[in-house]
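start-v9.tsv, holding TSV, C-alpha atoms (C1' of nucleotides):
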chain	number	residue	atom	x	y	z
A	13	MET	CA	2.63	-32.21	-7.76
A	14	LYS	CA	4.30	-31.30	-4.54
A	15	ASN	CA	2.38	-28.79	-2.55
A	16	LYS	CA	3.97	-28.80	0.82
A	17	ALA	CA	6.98	-26.58	1.23
A	18	SER	CA	9.96	-27.91	3.15
A	19	LYS	CA	11.59	-26.27	6.14
A	20	ASP	CA	14.37	-24.96	3.91
A	21	THR	CA	11.92	-23.47	1.51
A	22	ILE	CA	10.08	-21.67	4.22
A	23	GLN	CA	13.30	-20.36	5.64
A	24	ALA	CA	14.35	-19.04	2.26
A	25	TRP	CA	10.95	-17.52	1.72
A	26	ILE	CA	11.10	-15.71	5.02
A	27	HIS	CA	14.53	-14.35	4.24
A	28	LEU	CA	13.39	-13.18	0.85
A	29	HIS	CA	10.28	-11.58	2.21
A	30	ARG	CA	12.12	-9.86	4.97
A	31	ALA	CA	15.12	-8.71	2.96
A	32	GLN	CA	12.92	-7.14	0.38
A	33	GLN	CA	10.78	-5.43	2.99
A	34	VAL	CA	13.83	-4.00	4.70
A	35	LEU	CA	15.50	-2.89	1.51
A	36	LEU	CA	12.43	-1.29	0.06
A	37	GLU	CA	11.91	0.62	3.22
A	38	LYS	CA	15.50	1.89	3.13
A	39	VAL	CA	15.28	2.93	-0.49
A	40	GLU	CA	11.98	4.70	-0.03
A	41	SER	CA	13.18	6.51	3.00
A	42	ALA	CA	16.40	7.55	1.28
A	43	LEU	CA	14.32	8.99	-1.55
A	44	LYS	CA	12.01	10.73	0.83
A	45	GLN	CA	14.84	12.20	2.77
A	46	ALA	CA	16.33	13.55	-0.43
A	47	LYS	CA	12.94	15.04	-1.22
A	48	GLN	CA	12.56	12.80	-4.22
A	49	PRO	CA	9.43	11.01	-5.42
A	50	PRO	CA	8.77	7.38	-4.52
A	51	LEU	CA	10.20	4.35	-6.23
A	52	SER	CA	7.12	3.67	-8.32
A	53	TRP	CA	7.66	6.97	-10.09
A	54	TYR	CA	11.21	5.95	-10.83
A	55	ASP	CA	10.23	2.58	-12.22
A	56	THR	CA	7.64	4.08	-14.51
A	57	LEU	CA	9.76	6.95	-15.71
A	58	PHE	CA	12.65	4.60	-16.27
A	59	GLU	CA	10.64	2.36	-18.58
A	60	LEU	CA	9.43	5.39	-20.45
A	61	SER	CA	12.94	6.75	-20.79
A	62	LYS	CA	13.93	3.62	-22.67
A	63	GLU	CA	11.31	4.53	-25.26
A	64	LYS	CA	11.77	8.22	-25.12
A	65	LYS	CA	10.74	8.78	-28.73
A	66	SER	CA	7.90	6.40	-29.36
A	67	GLY	CA	6.53	6.22	-25.85
A	68	LEU	CA	4.58	3.34	-24.42
A	69	ARG	CA	0.97	2.35	-24.16
A	70	GLN	CA	-0.46	2.09	-20.69
A	71	TYR	CA	-0.88	-1.64	-20.90
A	72	GLU	CA	2.77	-1.98	-21.82
A	73	ILE	CA	3.92	0.03	-18.84
A	74	SER	CA	1.51	-1.90	-16.72
A	75	GLN	CA	3.20	-5.17	-17.66
A	76	LYS	CA	6.68	-3.84	-17.19
A	77	VAL	CA	6.21	-2.31	-13.78
A	78	LEU	CA	3.66	-4.82	-12.56
A	79	LEU	CA	1.07	-2.26	-11.69
A	80	ASN	CA	-2.55	-2.92	-12.44
A	81	LYS	CA	-4.24	-0.61	-14.86
A	82	HIS	CA	-6.37	1.23	-12.32
A	83	ASN	CA	-3.43	2.28	-10.27
A	84	LEU	CA	-1.25	2.99	-13.24
A	85	SER	CA	-3.88	5.26	-14.66
A	86	ARG	CA	-3.84	7.28	-11.50
A	87	LEU	CA	-0.10	7.21	-11.11
A	88	LEU	CA	0.06	8.70	-14.59
A	89	ASP	CA	-2.39	11.37	-13.52
A	90	ARG	CA	0.06	12.38	-10.85
A	91	LEU	CA	3.05	12.23	-13.17
A	92	GLU	CA	1.22	14.25	-15.76
A	93	LYS	CA	0.23	16.84	-13.21
A	94	GLN	CA	3.93	17.30	-12.46
A	95	ASN	CA	4.70	17.50	-16.17
A	96	LEU	CA	6.86	14.41	-16.05
A	97	VAL	CA	4.92	12.58	-18.74
A	98	LYS	CA	2.34	13.43	-21.32
A	99	ARG	CA	-0.58	11.41	-22.64
A	100	HIS	CA	-0.84	11.57	-26.42
A	101	GLU	CA	-3.69	10.29	-28.49
A	102	CYS	CA	-2.94	6.99	-30.07
A	103	SER	CA	-3.38	6.85	-33.82
A	104	GLU	CA	-3.66	3.07	-34.16
A	105	ASP	CA	-6.08	2.55	-31.35
A	106	GLY	CA	-8.69	5.14	-30.55
A	107	ARG	CA	-9.29	3.79	-27.08
A	108	GLY	CA	-5.78	4.09	-25.84
A	109	ASN	CA	-3.11	6.67	-25.46
A	110	THR	CA	0.62	6.79	-25.80
A	111	ILE	CA	2.59	7.95	-22.83
A	112	ILE	CA	5.72	9.92	-23.50
A	113	ILE	CA	8.21	11.11	-20.95
A	114	THR	CA	8.96	14.82	-20.94
A	115	ASP	CA	12.30	16.53	-20.52
A	116	THR	CA	11.33	17.31	-16.98
A	117	GLY	CA	10.64	13.61	-16.54
A	118	ILE	CA	14.12	12.75	-17.78
A	119	GLU	CA	15.54	15.34	-15.47
A	120	THR	CA	13.68	13.89	-12.49
A	121	LEU	CA	15.01	10.47	-13.32
A	122	LYS	CA	18.52	11.87	-13.34
A	123	GLN	CA	18.05	13.43	-9.97
A	124	MET	CA	16.58	10.33	-8.43
A	125	TRP	CA	19.16	7.91	-9.66
A	126	PRO	CA	22.12	8.85	-7.44
A	127	VAL	CA	19.95	8.57	-4.36
A	128	TYR	CA	18.50	5.27	-5.44
A	129	ASN	CA	21.86	3.96	-6.54
A	130	GLN	CA	23.54	4.93	-3.33
A	131	ALA	CA	20.85	3.23	-1.27
A	132	ILE	CA	21.22	0.03	-3.28
A	133	GLU	CA	24.94	0.07	-2.87
A	134	GLN	CA	24.88	0.79	0.82
A	135	HIS	CA	22.07	-1.41	2.04
A	136	PHE	CA	22.25	-4.21	-0.48
A	137	ALA	CA	25.54	-4.61	-2.31
A	138	ALA	CA	27.78	-3.61	0.57
A	139	GLN	CA	26.37	-6.47	2.63
A	140	LEU	CA	27.22	-9.11	0.05
A	141	THR	CA	30.19	-10.45	-1.84
A	142	PRO	CA	30.36	-10.18	-5.63
A	143	ASN	CA	29.77	-13.90	-5.67
A	144	ASP	CA	26.63	-13.55	-3.61
A	145	ILE	CA	25.34	-10.92	-5.95
A	146	GLU	CA	25.93	-13.01	-9.00
A	147	GLY	CA	24.37	-16.05	-7.38
A	148	LEU	CA	21.37	-14.14	-6.22
A	149	SER	CA	20.79	-12.74	-9.64
A	150	GLU	CA	21.03	-16.11	-11.24
A	151	ILE	CA	18.71	-17.80	-8.80
A	152	LEU	CA	16.06	-15.14	-8.76
A	153	SER	CA	15.98	-14.85	-12.50
A	154	LYS	CA	14.37	-18.29	-12.48
A	155	ILE	CA	11.22	-16.98	-10.89
A	156	PRO	CA	8.87	-16.40	-13.78
A	157	SER	CA	6.95	-13.22	-14.13
B	18	MET	CA	32.94	4.09	1.00
B	19	LYS	CA	31.69	2.86	-2.29
B	20	ASN	CA	28.47	4.44	-3.30
B	21	LYS	CA	28.04	3.54	-6.90
B	22	ALA	CA	26.46	0.19	-7.61
B	23	SER	CA	27.90	-1.96	-10.36
B	24	LYS	CA	25.97	-3.36	-13.30
B	25	ASP	CA	25.81	-6.74	-11.60
B	26	THR	CA	24.45	-5.22	-8.46
B	27	ILE	CA	21.73	-3.42	-10.30
B	28	GLN	CA	20.82	-6.54	-12.17
B	29	ALA	CA	20.55	-8.49	-8.93
B	30	TRP	CA	18.55	-5.72	-7.35
B	31	ILE	CA	16.09	-5.71	-10.21
B	32	HIS	CA	15.65	-9.46	-10.03
B	33	LEU	CA	15.09	-9.29	-6.31
B	34	HIS	CA	12.63	-6.48	-6.60
B	35	ARG	CA	10.71	-8.16	-9.34
B	36	ALA	CA	10.70	-11.67	-7.91
B	37	GLN	CA	9.37	-10.42	-4.66
B	38	GLN	CA	6.69	-8.34	-6.35
B	39	VAL	CA	5.55	-11.29	-8.41
B	40	LEU	CA	5.58	-13.73	-5.54
B	41	LEU	CA	3.78	-11.47	-3.16
B	42	GLU	CA	1.12	-10.87	-5.72
B	43	LYS	CA	0.65	-14.61	-6.22
B	44	VAL	CA	0.45	-15.33	-2.53
B	45	GLU	CA	-2.00	-12.54	-1.88
B	46	SER	CA	-4.18	-13.58	-4.72
B	47	ALA	CA	-4.13	-17.20	-3.63
B	48	LEU	CA	-5.26	-16.11	-0.18
B	49	LYS	CA	-7.93	-13.90	-1.60
B	50	GLN	CA	-9.21	-16.62	-3.84
B	51	ALA	CA	-9.45	-18.94	-0.86
B	52	LYS	CA	-11.38	-16.21	0.95
B	53	GLN	CA	-8.64	-15.85	3.48
B	54	PRO	CA	-7.29	-12.64	5.01
B	55	PRO	CA	-4.17	-10.97	3.64
B	56	LEU	CA	-0.59	-11.90	4.40
B	57	SER	CA	-0.10	-9.17	6.98
B	58	TRP	CA	-2.72	-10.81	9.15
B	59	TYR	CA	-0.88	-14.07	8.86
B	60	ASP	CA	2.45	-12.56	9.80
B	61	THR	CA	1.02	-10.89	12.85
B	62	LEU	CA	-1.01	-13.84	14.02
B	63	PHE	CA	1.94	-16.10	13.48
B	64	GLU	CA	4.21	-14.07	15.75
B	65	LEU	CA	1.49	-14.00	18.35
B	66	SER	CA	0.97	-17.73	18.13
B	67	LYS	CA	4.58	-18.25	19.13
B	68	GLU	CA	3.79	-16.46	22.38
B	69	LYS	CA	0.32	-17.78	22.81
B	70	LYS	CA	0.40	-17.61	26.59
B	71	SER	CA	2.26	-14.42	27.41
B	72	GLY	CA	1.32	-12.42	24.37
B	73	LEU	CA	3.37	-9.60	22.89
B	74	ARG	CA	3.52	-5.87	23.29
B	75	GLN	CA	2.68	-3.83	20.25
B	76	TYR	CA	6.21	-2.55	19.87
B	77	GLU	CA	7.48	-6.11	19.86
B	78	ILE	CA	5.12	-7.15	17.11
B	79	SER	CA	5.99	-4.01	15.29
B	80	GLN	CA	9.66	-4.97	15.20
B	81	LYS	CA	8.98	-8.54	14.19
B	82	VAL	CA	6.66	-7.84	11.32
B	83	LEU	CA	8.27	-4.57	10.27
B	84	LEU	CA	5.08	-2.60	10.51
B	85	ASN	CA	5.17	0.87	11.94
B	86	LYS	CA	3.18	1.49	15.05
B	87	HIS	CA	0.43	3.53	13.44
B	88	ASN	CA	-0.44	0.84	11.03
B	89	LEU	CA	-0.01	-1.95	13.48
B	90	SER	CA	-2.40	-0.25	15.85
B	91	ARG	CA	-5.02	-0.19	13.17
B	92	LEU	CA	-4.28	-3.69	11.95
B	93	LEU	CA	-4.89	-4.83	15.52
B	94	ASP	CA	-8.17	-2.94	15.52
B	95	ARG	CA	-9.24	-5.05	12.59
B	96	LEU	CA	-7.97	-8.28	14.12
B	97	GLU	CA	-9.66	-7.49	17.37
B	98	LYS	CA	-12.92	-6.73	15.63
B	99	GLN	CA	-12.78	-10.22	14.15
B	100	ASN	CA	-11.96	-11.66	17.56
B	101	LEU	CA	-8.63	-12.97	16.39
B	102	VAL	CA	-6.66	-11.16	19.06
B	103	LYS	CA	-7.42	-9.36	22.28
B	104	ARG	CA	-5.76	-6.33	23.84
B	105	HIS	CA	-5.10	-6.82	27.53
B	106	GLU	CA	-3.96	-4.16	29.96
B	107	CYS	CA	-0.31	-4.36	30.70
B	108	SER	CA	0.60	-4.56	34.34
B	109	GLU	CA	4.23	-3.46	34.01
B	110	ASP	CA	3.60	-0.51	31.76
B	111	GLY	CA	0.44	1.50	32.07
B	112	ARG	CA	0.82	3.03	28.63
B	113	GLY	CA	0.91	-0.19	26.74
B	114	ASN	CA	-1.10	-3.29	26.25
B	115	THR	CA	-0.38	-6.93	25.76
B	116	ILE	CA	-1.77	-8.54	22.68
B	117	ILE	CA	-2.88	-12.13	22.96
B	118	ILE	CA	-4.09	-14.32	20.18
B	119	THR	CA	-7.49	-15.93	20.65
B	120	ASP	CA	-8.51	-19.46	19.80
B	121	THR	CA	-10.27	-18.09	16.76
B	122	GLY	CA	-6.98	-16.46	15.82
B	123	ILE	CA	-5.17	-19.78	16.07
B	124	GLU	CA	-7.89	-21.33	14.00
B	125	THR	CA	-7.56	-18.67	11.32
B	126	LEU	CA	-3.84	-19.25	11.17
B	127	LYS	CA	-4.47	-22.95	10.67
B	128	GLN	CA	-6.80	-22.28	7.82
B	129	MET	CA	-4.50	-19.84	6.12
B	130	TRP	CA	-1.39	-21.91	6.25
B	131	PRO	CA	-2.20	-24.56	3.63
B	132	VAL	CA	-3.07	-21.87	1.13
B	133	TYR	CA	0.01	-19.86	1.90
B	134	ASN	CA	2.19	-22.93	1.95
B	135	GLN	CA	0.88	-24.18	-1.33
B	136	ALA	CA	1.49	-20.84	-3.00
B	137	ILE	CA	5.07	-20.76	-1.74
B	138	GLU	CA	5.68	-24.24	-2.99
B	139	GLN	CA	4.13	-23.69	-6.37
B	140	HIS	CA	5.39	-20.26	-7.29
B	141	PHE	CA	8.65	-20.18	-5.44
B	142	ALA	CA	10.14	-23.53	-4.52
B	143	ALA	CA	8.99	-25.40	-7.60
B	144	GLN	CA	10.94	-22.98	-9.77
B	145	LEU	CA	14.22	-23.60	-7.98
B	146	THR	CA	16.54	-26.43	-7.10
B	147	PRO	CA	17.19	-27.35	-3.46
B	148	ASN	CA	20.62	-25.88	-3.98
B	149	ASP	CA	19.17	-22.61	-5.15
B	150	ILE	CA	16.95	-22.45	-2.15
B	151	GLU	CA	19.75	-23.05	0.26
B	152	GLY	CA	21.97	-20.54	-1.49
B	153	LEU	CA	19.26	-17.93	-1.57
B	154	SER	CA	18.61	-18.35	2.09
B	155	GLU	CA	22.23	-18.04	2.96
B	156	ILE	CA	22.82	-14.97	0.85
B	157	LEU	CA	19.73	-13.09	1.91
B	158	SER	CA	20.30	-13.77	5.56
B	159	LYS	CA	23.23	-11.40	5.30
B	160	ILE	CA	20.98	-8.42	4.73
B	161	PRO	CA	20.62	-6.87	8.14
B	162	SER	CA	17.26	-5.88	9.50
C	11	DC	C1'	-22.68	-6.27	-42.04
C	12	DT	C1'	-24.45	-6.44	-37.61
C	13	DA	C1'	-24.42	-8.12	-32.85
C	14	DT	C1'	-21.50	-9.66	-29.25
C	15	DA	C1'	-17.31	-10.18	-26.80
C	16	DT	C1'	-12.99	-8.27	-25.65
C	17	DT	C1'	-9.72	-4.78	-24.66
C	18	DG	C1'	-7.79	-0.10	-23.11
C	19	DG	C1'	-8.52	3.04	-20.04
C	20	DT	C1'	-11.11	5.92	-16.36
C	21	DT	C1'	-13.88	6.69	-12.24
C	22	DG	C1'	-16.38	6.10	-7.59
C	23	DC	C1'	-16.04	4.02	-3.42
C	24	DA	C1'	-14.29	1.60	0.43
C	25	DG	C1'	-10.34	0.08	2.73
C	26	DT	C1'	-5.40	0.76	3.88
C	27	DT	C1'	-1.18	3.34	4.58
C	28	DG	C1'	1.83	7.23	5.93
C	29	DC	C1'	2.51	11.33	8.41
C	30	DA	C1'	1.98	14.52	12.05
C	31	DA	C1'	-0.07	15.66	16.12
C	32	DC	C1'	-1.72	14.08	20.30
C	33	DT	C1'	-2.42	11.74	25.15
C	34	DA	C1'	-0.69	9.34	28.78
C	35	DA	C1'	2.74	6.84	31.32
C	36	DT	C1'	7.60	6.15	32.29
C	37	DT	C1'	12.39	7.24	32.55
C	38	DG	C1'	16.33	10.15	33.52
C	39	DC	C1'	18.60	13.55	35.69
C	40	DA	C1'	19.30	17.69	38.49
D	12	DT	C1'	11.25	15.14	44.60
D	13	DG	C1'	10.12	17.36	40.42
D	14	DC	C1'	10.56	18.61	35.70
D	15	DA	C1'	12.15	17.58	30.91
D	16	DA	C1'	12.75	13.97	27.61
D	17	DT	C1'	11.38	9.62	25.91
D	18	DT	C1'	8.36	5.89	24.83
D	19	DA	C1'	3.72	3.31	23.88
D	20	DG	C1'	-0.03	3.70	21.59
D	21	DT	C1'	-4.09	6.22	19.24
D	22	DT	C1'	-6.31	9.36	16.08
D	23	DG	C1'	-7.32	12.76	12.11
D	24	DC	C1'	-6.25	13.68	7.66
D	25	DA	C1'	-4.47	13.16	3.09
D	26	DA	C1'	-2.66	10.12	-0.24
D	27	DC	C1'	-2.71	5.69	-2.33
D	28	DT	C1'	-4.56	0.97	-3.53
D	29	DG	C1'	-7.95	-2.53	-4.88
D	30	DC	C1'	-12.30	-3.61	-6.65
D	31	DA	C1'	-16.27	-3.20	-9.39
D	32	DA	C1'	-18.67	-0.71	-12.58
D	33	DC	C1'	-18.33	1.86	-16.40
D	34	DC	C1'	-17.43	4.05	-21.35
D	35	DA	C1'	-15.65	3.78	-25.74
D	36	DA	C1'	-13.27	1.51	-29.46
D	37	DT	C1'	-11.79	-2.60	-31.66
D	38	DA	C1'	-11.89	-7.43	-32.74
D	39	DT	C1'	-14.75	-11.66	-33.66
D	40	DA	C1'	-18.32	-14.60	-35.18
D	41	DG	C1'	-22.62	-15.63	-37.37
Would you write the structure of this file as structure tokens?
Amino acid sequence: MKNKASKDTIQAWIHLHRAQQVLLEKVESALKQAKQPPLSWYDTLFELSKEKKSGLRQYEISQKVLLNKHNLSRLLDRLEKQNLVKRHECSEDGRGNTIIITDTGIETLKQMWPVYNQAIEQHFAAQLTPNDIEGLSEILSKIPS
Amino acid sequence: MKNKASKDTIQAWIHLHRAQQVLLEKVESALKQAKQPPLSWYDTLFELSKEKKSGLRQYEISQKVLLNKHNLSRLLDRLEKQNLVKRHECSEDGRGNTIIITDTGIETLKQMWPVYNQAIEQHFAAQLTPNDIEGLSEILSKIPS
DNA sequence: CTATATTGGTTGCAGTTGCAACTAATTGCA
DNA sequence: TGCAATTAGTTGCAACTGCAACCAATATAG
């Protein structure tokens, strides 16, 4: 197996690393400026909104948003304190709980989206051609989770 | 100005976001497993190693590694405590200091690189074709810092 | 059916980050 | 020159993250 990355690879890696760092910073600061919660709240609420009725188990959210269980548990504490989600007892598994988004949670999502969306458009999409975007998507989808 | 991102854009954004999250996690955990310091140390030491003789001012490092000054100052505290860098008084500007990498710092960099390199190769490059890599690089270089 | 291993989730602690306030030196401009 | 504005860097505090230890419930194996 190859284990030494070529010059090109390193270059691409650096660009990826840097682009993501820059973009994340812009998105977070756009959210902050609009007095909205951070991106991680969005990601979590978004996953929950797709299962509005049945909710999700913590380990499911954890996989989807790539947050380890410790931090997710505490993120949910914060979300719950703001009434954005609610922990319900889980009938099939006495250890766990089912997380369900509240109406306030849905509302928050709705308020965050335009800010998030606008930041993506401005700092990401506006810098690229439609072709670039399609290519990027295709290439990056090959990286396994 | 457009401010609403298309479906394709969002898809690409999600892939970018996720790929980077996954890759960063793999690299960090490879470093940790090899008992090496985190990536941010590498980035900083690397920039300093390019100016081994003259060193860099904190604000210069800050721009290069995209770390704000508060955090950089404390990162340097940690590096200095490990004797990887040294803060020298700056003759041209009494407020600032010049950071210079030590031999131990260079050594650390040398030890980290194979681990880092191998992780990039395995989790990133090995998943893509050379064409992908070149394309990715070209596209992402358009995102301004 | 019991003992053990595994899994889902929480908690305490130490380390890191972000923010705001601060000091000190430098620059700019009247 | 002399005073306000800016810049370089540090520090205190609160929030967040990672890690290890932990509890409780379920799955598994003898």
May I have chain B as a CSV table (one decimal) with C-alpha atoms, in the coordinates of the input, after a least-squares superposition on chain A that uses all C-alpha atoms paired in order?
chain,number,residue,atom,x,y,z
B,18,MET,CA,2.6,-32.1,-7.8
B,19,LYS,CA,4.3,-31.2,-4.6
B,20,ASN,CA,2.3,-28.8,-2.6
B,21,LYS,CA,3.9,-28.8,0.8
B,22,ALA,CA,7.0,-26.6,1.2
B,23,SER,CA,9.9,-27.9,3.1
B,24,LYS,CA,11.6,-26.3,6.1
B,25,ASP,CA,14.4,-25.0,3.9
B,26,THR,CA,11.9,-23.5,1.5
B,27,ILE,CA,10.1,-21.7,4.2
B,28,GLN,CA,13.3,-20.4,5.7
B,29,ALA,CA,14.3,-19.0,2.3
B,30,TRP,CA,10.9,-17.5,1.7
B,31,ILE,CA,11.1,-15.7,5.0
B,32,HIS,CA,14.5,-14.3,4.3
B,33,LEU,CA,13.4,-13.2,0.9
B,34,HIS,CA,10.3,-11.6,2.2
B,35,ARG,CA,12.1,-9.8,5.0
B,36,ALA,CA,15.1,-8.7,3.0
B,37,GLN,CA,12.9,-7.2,0.4
B,38,GLN,CA,10.8,-5.4,3.0
B,39,VAL,CA,13.8,-4.0,4.7
B,40,LEU,CA,15.5,-2.9,1.5
B,41,LEU,CA,12.4,-1.3,0.1
B,42,GLU,CA,11.9,0.6,3.2
B,43,LYS,CA,15.5,1.9,3.1
B,44,VAL,CA,15.3,2.9,-0.5
B,45,GLU,CA,12.0,4.7,0.0
B,46,SER,CA,13.2,6.5,3.0
B,47,ALA,CA,16.4,7.6,1.3
B,48,LEU,CA,14.3,9.0,-1.6
B,49,LYS,CA,12.0,10.7,0.8
B,50,GLN,CA,14.9,12.2,2.8
B,51,ALA,CA,16.3,13.6,-0.5
B,52,LYS,CA,12.9,15.0,-1.3
B,53,GLN,CA,12.6,12.8,-4.2
B,54,PRO,CA,9.4,11.0,-5.4
B,55,PRO,CA,8.8,7.4,-4.5
B,56,LEU,CA,10.2,4.3,-6.2
B,57,SER,CA,7.1,3.7,-8.3
B,58,TRP,CA,7.7,7.0,-10.1
B,59,TYR,CA,11.2,6.0,-10.8
B,60,ASP,CA,10.2,2.6,-12.2
B,61,THR,CA,7.6,4.1,-14.5
B,62,LEU,CA,9.8,7.0,-15.7
B,63,PHE,CA,12.6,4.6,-16.3
B,64,GLU,CA,10.7,2.4,-18.6
B,65,LEU,CA,9.4,5.4,-20.4
B,66,SER,CA,12.9,6.8,-20.8
B,67,LYS,CA,13.9,3.7,-22.7
B,68,GLU,CA,11.3,4.6,-25.3
B,69,LYS,CA,11.8,8.3,-25.1
B,70,LYS,CA,10.8,8.8,-28.7
B,71,SER,CA,7.9,6.4,-29.4
B,72,GLY,CA,6.5,6.3,-25.9
B,73,LEU,CA,4.6,3.4,-24.4
B,74,ARG,CA,1.0,2.4,-24.2
B,75,GLN,CA,-0.4,2.1,-20.7
B,76,TYR,CA,-0.9,-1.6,-20.9
B,77,GLU,CA,2.8,-2.0,-21.8
B,78,ILE,CA,3.9,0.0,-18.8
B,79,SER,CA,1.5,-1.9,-16.7
B,80,GLN,CA,3.2,-5.2,-17.7
B,81,LYS,CA,6.7,-3.8,-17.2
B,82,VAL,CA,6.2,-2.3,-13.8
B,83,LEU,CA,3.7,-4.8,-12.6
B,84,LEU,CA,1.1,-2.2,-11.7
B,85,ASN,CA,-2.5,-2.9,-12.5
B,86,LYS,CA,-4.2,-0.6,-14.9
B,87,HIS,CA,-6.3,1.2,-12.3
B,88,ASN,CA,-3.4,2.3,-10.3
B,89,LEU,CA,-1.2,3.0,-13.2
B,90,SER,CA,-3.9,5.3,-14.7
B,91,ARG,CA,-3.8,7.3,-11.5
B,92,LEU,CA,-0.1,7.2,-11.1
B,93,LEU,CA,0.1,8.7,-14.6
B,94,ASP,CA,-2.4,11.4,-13.5
B,95,ARG,CA,0.1,12.4,-10.8
B,96,LEU,CA,3.0,12.2,-13.2
B,97,GLU,CA,1.2,14.2,-15.8
B,98,LYS,CA,0.2,16.8,-13.2
B,99,GLN,CA,3.9,17.3,-12.5
B,100,ASN,CA,4.7,17.5,-16.2
B,101,LEU,CA,6.9,14.4,-16.1
B,102,VAL,CA,4.9,12.6,-18.7
B,103,LYS,CA,2.3,13.5,-21.3
B,104,ARG,CA,-0.6,11.4,-22.6
B,105,HIS,CA,-0.8,11.6,-26.4
B,106,GLU,CA,-3.7,10.3,-28.5
B,107,CYS,CA,-2.9,7.0,-30.1
B,108,SER,CA,-3.4,6.8,-33.8
B,109,GLU,CA,-3.6,3.0,-34.1
B,110,ASP,CA,-6.1,2.5,-31.3
B,111,GLY,CA,-8.7,5.1,-30.5
B,112,ARG,CA,-9.3,3.7,-27.0
B,113,GLY,CA,-5.8,4.1,-25.8
B,114,ASN,CA,-3.1,6.7,-25.5
B,115,THR,CA,0.6,6.8,-25.8
B,116,ILE,CA,2.6,7.9,-22.8
B,117,ILE,CA,5.7,9.9,-23.5
B,118,ILE,CA,8.2,11.1,-21.0
B,119,THR,CA,8.9,14.9,-20.9
B,120,ASP,CA,12.3,16.5,-20.5
B,121,THR,CA,11.3,17.3,-17.0
B,122,GLY,CA,10.6,13.6,-16.5
B,123,ILE,CA,14.1,12.8,-17.8
B,124,GLU,CA,15.5,15.4,-15.5
B,125,THR,CA,13.7,13.9,-12.5
B,126,LEU,CA,15.0,10.5,-13.3
B,127,LYS,CA,18.5,11.9,-13.4
B,128,GLN,CA,18.1,13.4,-10.0
B,129,MET,CA,16.6,10.3,-8.4
B,130,TRP,CA,19.2,7.9,-9.7
B,131,PRO,CA,22.1,8.9,-7.4
B,132,VAL,CA,20.0,8.6,-4.4
B,133,TYR,CA,18.5,5.3,-5.4
B,134,ASN,CA,21.8,4.0,-6.6
B,135,GLN,CA,23.5,4.9,-3.3
B,136,ALA,CA,20.9,3.2,-1.3
B,137,ILE,CA,21.2,0.0,-3.3
B,138,GLU,CA,24.9,0.1,-2.9
B,139,GLN,CA,24.9,0.8,0.8
B,140,HIS,CA,22.1,-1.4,2.0
B,141,PHE,CA,22.2,-4.2,-0.5
B,142,ALA,CA,25.5,-4.6,-2.3
B,143,ALA,CA,27.8,-3.6,0.6
B,144,GLN,CA,26.4,-6.5,2.6
B,145,LEU,CA,27.2,-9.1,0.1
B,146,THR,CA,30.2,-10.5,-1.8
B,147,PRO,CA,30.3,-10.2,-5.6
B,148,ASN,CA,29.8,-13.9,-5.7
B,149,ASP,CA,26.6,-13.6,-3.6
B,150,ILE,CA,25.3,-10.9,-5.9
B,151,GLU,CA,25.9,-13.0,-9.0
B,152,GLY,CA,24.4,-16.1,-7.4
B,153,LEU,CA,21.4,-14.2,-6.2
B,154,SER,CA,20.8,-12.8,-9.6
B,155,GLU,CA,21.0,-16.1,-11.2
B,156,ILE,CA,18.7,-17.8,-8.8
B,157,LEU,CA,16.1,-15.2,-8.7
B,158,SER,CA,16.0,-14.9,-12.5
B,159,LYS,CA,14.4,-18.3,-12.5
B,160,ILE,CA,11.2,-17.0,-10.9
B,161,PRO,CA,8.9,-16.4,-13.8
B,162,SER,CA,6.9,-13.2,-14.1
Exercise for the section: Within 12 Å of chain A, which residues of chain C are there when counting all atoms listed in the file? Please give them as a PyMOL selection string. Expected result: chain C and resi 17-21+28
Please return the centre and edge lengths, in Å to one decimal, of a box with edges along x, y and z that contains all listed atoms of stretch 27-30 of chain D, widened by 3 Å on every side, as JSON.
{"center_x": -7.5, "center_y": 1.0, "center_z": -4.5, "size_x": 15.6, "size_y": 15.3, "size_z": 10.3}
Practice task
Pick out the closest residue to chain D from this set: B:Glu138, B:Glu124, B:Asp94, B:Asp149. Count only C-alpha atoms (C1' of nucleotides).
Solution key: B:Asp94
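Look at everything within 10 Å of (-17.1, 3.7, -4.9) using only C-alpha atoms (C1' of nucleotides), and the residues you get are DT21, DG22, DC23 and DA24 of chain C; DC30, DA31 and DA32 of chain D.
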Residue contacts of stretch 32-37 of chain B (9 Å, only C-alpha atoms (C1' of nucleotides)) excluding same-chain residues fewer than 5 positions away, as an mmCIF file with C-alpha atoms, in the coordinates of the input:
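Output file part_10.cif is given in full below:
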data_model
loop_
_atom_site.group_PDB
_atom_site.id
_atom_site.type_symbol
_atom_site.label_atom_id
_atom_site.label_comp_id
_atom_site.auth_asym_id
_atom_site.auth_seq_id
_atom_site.Cartn_x
_atom_site.Cartn_y
_atom_site.Cartn_z
ATOM 1 C CA LEU A 28 13.390 -13.180 0.850
ATOM 2 C CA HIS A 29 10.280 -11.580 2.210
ATOM 3 C CA GLN A 32 12.920 -7.140 0.380
ATOM 4 C CA LEU A 36 12.430 -1.290 0.060
ATOM 5 C CA VAL A 77 6.210 -2.310 -13.780
ATOM 6 C CA LEU A 78 3.660 -4.820 -12.560
ATOM 7 C CA LEU A 148 21.370 -14.140 -6.220
ATOM 8 C CA SER A 149 20.790 -12.740 -9.640
ATOM 9 C CA GLU A 150 21.030 -16.110 -11.240
ATOM 10 C CA ILE A 151 18.710 -17.800 -8.800
ATOM 11 C CA LEU A 152 16.060 -15.140 -8.760
ATOM 12 C CA SER A 153 15.980 -14.850 -12.500
ATOM 13 C CA LYS A 154 14.370 -18.290 -12.480
ATOM 14 C CA ILE A 155 11.220 -16.980 -10.890
ATOM 15 C CA PRO A 156 8.870 -16.400 -13.780
ATOM 16 C CA SER A 157 6.950 -13.220 -14.130
ATOM 17 C CA ILE B 27 21.730 -3.420 -10.300
ATOM 18 C CA GLU B 42 1.120 -10.870 -5.720
#
